[in-house]
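Novice: Once you've had a glance at the structure underneath, I'll fire off some questions.
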Amino acid sequence: MPWSLDLVPLPPCALLGGPPLSGLLWTVLLLFLWYCYRVGSDPPSHSGMLKSGSGRSSFSRSSSRSPVDPRHSVSKASAAITMETVEEEEGTESYLTPVLSHAPFPTEAAAESRKLYRALQEYAKRYSWAGMGRIHKGLRNQARINDRPSIQKPHLFYLPDVPSIPFFPRDAHRHDIEVLEASYPIILAEFQAVYQRGIDTKLGWSYQGPKGQTVFPLYNAGVCVASNCRACPYTYRTLLSLRTFISSNSLGSAGFWLLGPGATLGGAYGPTNTRLRCHLGLQTPAQCELVVGGEPQCWSEGHCLLVDDSFLHTISHNGGAEDGPRVIFSVDLWHPNVAAAERQALDYIFAPEQ
């Protein structure tokens with residue numbers, strides 16, 4: 001049965017001057033008029049002045065409950081908005097916050113720190129500030145790091161929020177450790193060939209620290225010592241095969257380190273916590289000891305130790321002349337918690353001086 005809209009006839013509508021309308025059409029028309037009235041009566045919303053609609057509603061309700069002095073209403077609203085803005089800014093702090101705030105560099109910073117900070121600015125202009133938050137923070141706080149009493153106090157650059165322990169497990173750099181330990185026999189043979197020629201500065205040796213410690217460097221502060229690398233070709237190729245060897249900035253070195261009987265290296269701090277020193281034992285008398293951060297450890301021939309030398313450390317050789325020198329092959333590797341972008345920036349900031 002077909003339905004008709006004229007089942008409920010109504011008298012003519014004088015206002016509209018048309019034929020009678022059905023009850024359904026009248027209902028639709030009244031609902032539409034009611035909707036238009038509600039939309040037109042609502043005040044326009046001002047997005048951005050307050051953080052959320054709930055804040056706007058509470059502000060309106062409080063205004064309707066009690067009369068407000070017009071002299072104070074604007075100041076109260078401004079104070080509320082200011083407080084919310086401050087809370088939002090404090091909740092969004094991150095490593096990039098100091099970079100974006102353009103805060104002046106600390107006036108008490110040393111000349112070396114200012115030089116490094118300028119290098120960071122040059123790097124950011126050339127590439128990006130992305131991922132530079134920890135480096136920026138570390139350069140700004142270096143002066144406070146140097147002044148504080150601590151068991152870990154790198155004197156050149158401290159990267160904040162990097163997990164640190166005196167001795168790291170092998171898993172931190174398993175690939176590079178396995179490569180070095182597999183190459184132990186040939187590295188030892190090349191050292192013995194160099195050692196038998198004699199220890200002389202004209203033959204590539206250098207003296208480090210107190211009497212009794214000598215170094216035959218293959219890389220010195222990020223610079224390849226070509227003549228020494230030619231004397232140890234297999235050891236040089238082994239260095240190049242390592243994934244995390246620091247070979248492009250002044251924080252990285254590699255070479256043979258000798259410590260004579262009776263010699264002791266007093267408490268010292270390394271320059272940075274962005275690296276780990278890998279010691280491959282070549283000749284390790286039993287009376288030799290390494291203490292890092294208060295933890296003692298001994299070397300073992302053919303095996304590696306991963307050391308964070310930014311901790312206070314001492315080295316001693318308490319053996320006799322018959323024991324010979326303690327010999328290790330030392331390689332500087334990146335700390336595993338330094339990101340790739342940070343490594344690239346540090347290579348630029350600490351570029352070796354040719």
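In the structure tokens, each chain is lettered A, B, ... as it comes, each chain's residues begin at 1, and ligands are numbered from 1 in order of appearance.
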Within 10 Å of range 274-289 of chain A, which residues of range 89-195 of chain A come that close, and what is the closest atom pair and distance in Å for each? Count only C-alpha atoms and give it as a tab-separated table.

Specialist:
```
residue	atom	partner	partner_atom	distance
A:Pro154	CA	A:Thr274	CA	9.7
A:Phe157	CA	A:Thr274	CA	8.3
A:Tyr158	CA	A:Thr274	CA	7.5
A:Leu159	CA	A:Thr274	CA	6.6
A:Pro160	CA	A:Thr274	CA	9.7
A:Val162	CA	A:Thr274	CA	8.1
A:Ser164	CA	A:Thr274	CA	9.7
A:Pro166	CA	A:Leu276	CA	9.6
A:Phe167	CA	A:Leu276	CA	9.0
A:Phe168	CA	A:Leu276	CA	8.4
A:Ala172	CA	A:Leu276	CA	9.8
A:His173	CA	A:Cys278	CA	9.4
A:Asp176	CA	A:Cys278	CA	9.3
A:Ile177	CA	A:Cys278	CA	8.0
A:Leu180	CA	A:Leu280	CA	7.3
A:Glu181	CA	A:Leu280	CA	7.3
A:Tyr184	CA	A:Leu282	CA	7.7
A:Pro185	CA	A:Leu282	CA	9.0
A:Ile187	CA	A:Leu282	CA	8.4
A:Leu188	CA	A:Leu282	CA	6.2
A:Ala189	CA	A:Leu282	CA	9.8
A:Phe191	CA	A:Leu282	CA	8.9
A:Gln192	CA	A:Leu282	CA	9.9
```

Novice: Got time to write the residues from that selection, N, CA and C atoms, as a compact mmCIF listing (two decimals), in the first residue's frame?

Specialist:
```
# COMPACT_ATOMS: atom_id res chain seq x y z
N PRO A 154 86.59 13.00 32.78
CA PRO A 154 87.39 13.27 31.57
C PRO A 154 87.70 14.76 31.45
N PHE A 157 86.38 16.29 27.21
CA PHE A 157 84.97 16.32 26.82
C PHE A 157 84.23 15.18 27.49
N TYR A 158 83.12 15.54 28.14
CA TYR A 158 82.26 14.55 28.80
C TYR A 158 80.91 14.56 28.13
N LEU A 159 80.52 13.43 27.54
CA LEU A 159 79.21 13.29 26.90
C LEU A 159 78.21 12.82 27.95
N PRO A 160 77.18 13.61 28.25
CA PRO A 160 76.26 13.22 29.33
C PRO A 160 75.37 12.05 28.94
N VAL A 162 75.65 8.85 29.19
CA VAL A 162 76.26 7.68 28.55
C VAL A 162 76.54 6.65 29.65
N SER A 164 78.27 4.13 31.86
CA SER A 164 79.71 3.97 32.03
C SER A 164 80.01 3.02 33.19
N PRO A 166 83.83 0.88 34.69
CA PRO A 166 85.28 0.83 34.44
C PRO A 166 85.69 -0.19 33.38
N PHE A 167 85.13 -1.41 33.46
CA PHE A 167 85.47 -2.46 32.50
C PHE A 167 84.19 -2.93 31.81
N PHE A 168 84.21 -2.95 30.49
CA PHE A 168 83.04 -3.36 29.71
C PHE A 168 83.16 -4.83 29.32
N ALA A 172 80.25 -5.82 24.18
CA ALA A 172 80.14 -4.44 23.75
C ALA A 172 80.77 -4.24 22.38
N HIS A 173 81.85 -4.98 22.10
CA HIS A 173 82.52 -4.90 20.79
C HIS A 173 83.00 -6.30 20.39
N ASP A 176 85.09 -6.70 16.90
CA ASP A 176 86.46 -6.17 16.89
C ASP A 176 87.37 -6.94 17.83
N ILE A 177 86.84 -7.38 18.97
CA ILE A 177 87.66 -8.16 19.90
C ILE A 177 88.05 -9.50 19.27
N LEU A 180 90.85 -8.95 16.72
CA LEU A 180 92.15 -8.70 17.34
C LEU A 180 92.73 -9.97 17.95
N GLU A 181 91.91 -10.73 18.64
CA GLU A 181 92.42 -11.94 19.28
C GLU A 181 92.80 -13.00 18.25
N TYR A 184 96.27 -12.21 17.00
CA TYR A 184 97.29 -12.08 18.05
C TYR A 184 98.66 -12.63 17.63
N PRO A 185 98.79 -13.82 17.06
CA PRO A 185 100.13 -14.34 16.75
C PRO A 185 100.91 -13.44 15.78
N ILE A 187 100.33 -10.16 15.12
CA ILE A 187 100.60 -8.86 15.75
C ILE A 187 101.79 -8.97 16.70
N LEU A 188 101.87 -10.08 17.46
CA LEU A 188 103.00 -10.28 18.35
C LEU A 188 104.30 -10.42 17.57
N ALA A 189 104.27 -11.14 16.46
CA ALA A 189 105.48 -11.32 15.66
C ALA A 189 105.96 -9.98 15.09
N PHE A 191 105.43 -7.02 16.37
CA PHE A 191 105.98 -6.23 17.47
C PHE A 191 107.40 -6.68 17.80
N GLN A 192 107.63 -7.99 17.89
CA GLN A 192 108.96 -8.48 18.24
C GLN A 192 110.00 -8.05 17.21
```

Novice: Can you list, as a PyMOL selection string, all residues belonging to range 116-345 of chain A that DSSP tags as strand (DSSP E)?

Specialist: chain A and resi 167-168+206-207+213-220+223-224+254-259+264-268+275-283+288-292+295-297+304-307+313-317+326-334

Novice: Record the distance separating CA of Val215 in chain A and CA of Gly255 in chain A, expressed in Å with one decimal.

Specialist: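 According to the coordinates, CA of Val215 in chain A and CA of Gly255 in chain A are separated by 6.7 Å.
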
Novice: Give me, as a Markdown table, each residue of range 184-279 of chain A that comes within 9 Å of range 318-321 of chain A, together with its shortest interatomic pair and the distance in Å at one decimal, counting only C-alpha atoms, with rows ordered by chain and rising residue number.

Specialist:
```
| residue | atom | partner | partner_atom | distance |
| --- | --- | --- | --- | --- |
| A:Gly260 | CA | A:Ala321 | CA | 8.2 |
| A:Pro261 | CA | A:Gly319 | CA | 5.4 |
| A:Gly262 | CA | A:Asn318 | CA | 5.1 |
| A:Ala263 | CA | A:Asn318 | CA | 7.3 |
| A:Thr264 | CA | A:Asn318 | CA | 8.1 |
```

Novice: Name the residues in contact with Val331 in chain A at a cut-off of 12 Å, using only C-alpha atoms, excluding same-chain residues fewer than 5 positions from it; report them as a VMD selection string.

Specialist: chain A and resid 176 to 177 180 217 to 222 235 to 236 238 to 240 242 to 247 251 to 257 275 to 281 304 to 307

Novice: Would you work out the distance separating CA of Cys232 in chain A from CA of Arg197 in chain A, expressed in Å to one decimal?

Specialist: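 So the answer is 13.0 Å.
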
Novice: List the neighbours of Ala231 in chain A out to 9 Å using only C-alpha atoms; skip same-chain residues closer than 5 positions along the sequence, and give me the result as a list in words.

Specialist: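 Neighbouring residues, sequence-local ones excluded: Glu190, Ala193, Val194 and Ala226 of chain A.
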
Novice: With all heavy atoms retained, could you export that selection as a PDB file, in the first residue's frame?

Specialist:
```
ATOM      1  N   GLU A 190     105.048  -9.148  14.622  1.00  0.00           N
ATOM      2  CA  GLU A 190     105.466  -7.852  14.078  1.00  0.00           C
ATOM      3  C   GLU A 190     106.009  -6.947  15.184  1.00  0.00           C
ATOM      4  O   GLU A 190     106.961  -6.182  14.952  1.00  0.00           O
ATOM      5  CB  GLU A 190     104.289  -7.185  13.368  1.00  0.00           C
ATOM      6  CG  GLU A 190     103.918  -7.864  12.058  1.00  0.00           C
ATOM      7  CD  GLU A 190     102.895  -7.097  11.265  1.00  0.00           C
ATOM      8  OE1 GLU A 190     102.176  -6.253  11.857  1.00  0.00           O
ATOM      9  OE2 GLU A 190     102.788  -7.321  10.044  1.00  0.00           O
ATOM     10  N   ALA A 193     109.587  -8.007  15.933  1.00  0.00           N
ATOM     11  CA  ALA A 193     110.529  -7.565  14.895  1.00  0.00           C
ATOM     12  C   ALA A 193     110.889  -6.097  15.085  1.00  0.00           C
ATOM     13  O   ALA A 193     112.060  -5.704  14.913  1.00  0.00           O
ATOM     14  CB  ALA A 193     109.907  -7.789  13.518  1.00  0.00           C
ATOM     15  N   VAL A 194     109.898  -5.282  15.447  1.00  0.00           N
ATOM     16  CA  VAL A 194     110.165  -3.859  15.677  1.00  0.00           C
ATOM     17  C   VAL A 194     110.979  -3.668  16.956  1.00  0.00           C
ATOM     18  O   VAL A 194     111.898  -2.839  17.006  1.00  0.00           O
ATOM     19  CB  VAL A 194     108.826  -3.086  15.746  1.00  0.00           C
ATOM     20  CG1 VAL A 194     109.055  -1.656  16.210  1.00  0.00           C
ATOM     21  CG2 VAL A 194     108.128  -3.098  14.396  1.00  0.00           C
ATOM     22  N   ALA A 226     102.819   6.884   9.101  1.00  0.00           N
ATOM     23  CA  ALA A 226     103.012   6.058   7.910  1.00  0.00           C
ATOM     24  C   ALA A 226     104.209   5.116   8.042  1.00  0.00           C
ATOM     25  O   ALA A 226     104.123   3.928   7.688  1.00  0.00           O
ATOM     26  CB  ALA A 226     103.169   6.959   6.684  1.00  0.00           C
TER      27      ALA A 226
END
```

Novice: Within 9 Å of Ala119 in chain A, counting only C-alpha atoms, which residues show up once you throw out same-chain ones fewer than 5 positions away? Write them as a list in words, please.

Specialist: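 Near neighbours after the sequence-gap exclusion: Arg114, Ala124, Tyr348, Ile349 and Phe350 of chain A.
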
Novice: Hey, what's within 6 Å of Thr314 in chain A if we count only C-alpha atoms and toss same-chain stuff fewer than 2 positions away? As an NGL selection string, please?

Specialist: :A and (265-267 or 291)

Novice: Residues of range 173-263 of chain A classed as alpha helix (DSSP H) by DSSP on the backbone are to be reported as a ChimeraX atom specification.

Specialist: /A:174-182,184-196,226-231,233-241

Novice: Using only C-alpha atoms, please write the residues we just selected to a file, as a PDB file, in the first residue's frame.

Specialist:
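Full text of part-v6.pdb as output:
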```pdb
ATOM      1  CA  ARG A 174      82.464  -8.609  20.089  1.00  0.00           C
ATOM      2  CA  HIS A 175      83.399  -8.367  16.392  1.00  0.00           C
ATOM      3  CA  ASP A 176      86.457  -6.169  16.890  1.00  0.00           C
ATOM      4  CA  ILE A 177      87.658  -8.165  19.899  1.00  0.00           C
ATOM      5  CA  GLU A 178      87.413 -11.428  17.977  1.00  0.00           C
ATOM      6  CA  VAL A 179      89.344  -9.904  15.054  1.00  0.00           C
ATOM      7  CA  LEU A 180      92.152  -8.698  17.335  1.00  0.00           C
ATOM      8  CA  GLU A 181      92.418 -11.942  19.283  1.00  0.00           C
ATOM      9  CA  ALA A 182      92.449 -13.993  16.064  1.00  0.00           C
ATOM     10  CA  TYR A 184      97.287 -12.082  18.048  1.00  0.00           C
ATOM     11  CA  PRO A 185     100.134 -14.340  16.749  1.00  0.00           C
ATOM     12  CA  ILE A 186     100.959 -12.115  13.773  1.00  0.00           C
ATOM     13  CA  ILE A 187     100.597  -8.864  15.753  1.00  0.00           C
ATOM     14  CA  LEU A 188     103.002 -10.277  18.352  1.00  0.00           C
ATOM     15  CA  ALA A 189     105.482 -11.324  15.655  1.00  0.00           C
ATOM     16  CA  GLU A 190     105.466  -7.852  14.078  1.00  0.00           C
ATOM     17  CA  PHE A 191     105.984  -6.233  17.472  1.00  0.00           C
ATOM     18  CA  GLN A 192     108.955  -8.480  18.242  1.00  0.00           C
ATOM     19  CA  ALA A 193     110.529  -7.565  14.895  1.00  0.00           C
ATOM     20  CA  VAL A 194     110.165  -3.859  15.677  1.00  0.00           C
ATOM     21  CA  TYR A 195     111.333  -4.295  19.299  1.00  0.00           C
ATOM     22  CA  GLN A 196     114.500  -6.129  18.275  1.00  0.00           C
ATOM     23  CA  ALA A 226     103.012   6.058   7.910  1.00  0.00           C
ATOM     24  CA  SER A 227     106.539   4.779   8.619  1.00  0.00           C
ATOM     25  CA  ASN A 228     105.384   2.727  11.624  1.00  0.00           C
ATOM     26  CA  CYS A 229     102.430   1.308   9.692  1.00  0.00           C
ATOM     27  CA  ARG A 230     104.791   0.176   6.948  1.00  0.00           C
ATOM     28  CA  ALA A 231     106.863  -1.618   9.585  1.00  0.00           C
ATOM     29  CA  PRO A 233     101.658  -4.041   7.611  1.00  0.00           C
ATOM     30  CA  TYR A 234      99.423  -6.841   8.922  1.00  0.00           C
ATOM     31  CA  THR A 235      98.680  -4.994  12.161  1.00  0.00           C
ATOM     32  CA  TYR A 236      97.795  -1.921  10.106  1.00  0.00           C
ATOM     33  CA  ARG A 237      95.384  -3.913   7.925  1.00  0.00           C
ATOM     34  CA  THR A 238      93.843  -5.390  11.066  1.00  0.00           C
ATOM     35  CA  LEU A 239      93.174  -1.887  12.368  1.00  0.00           C
ATOM     36  CA  LEU A 240      91.408  -0.937   9.160  1.00  0.00           C
ATOM     37  CA  SER A 241      89.168  -4.008   9.417  1.00  0.00           C
TER      38      SER A 241
END
```

Novice: Interatomic distance between CA of Asn249 in chain A and CA of Glu301 in chain A?

Specialist: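 Going from CA of Asn249 in chain A over to CA of Glu301 in chain A covers 29.0 Å.
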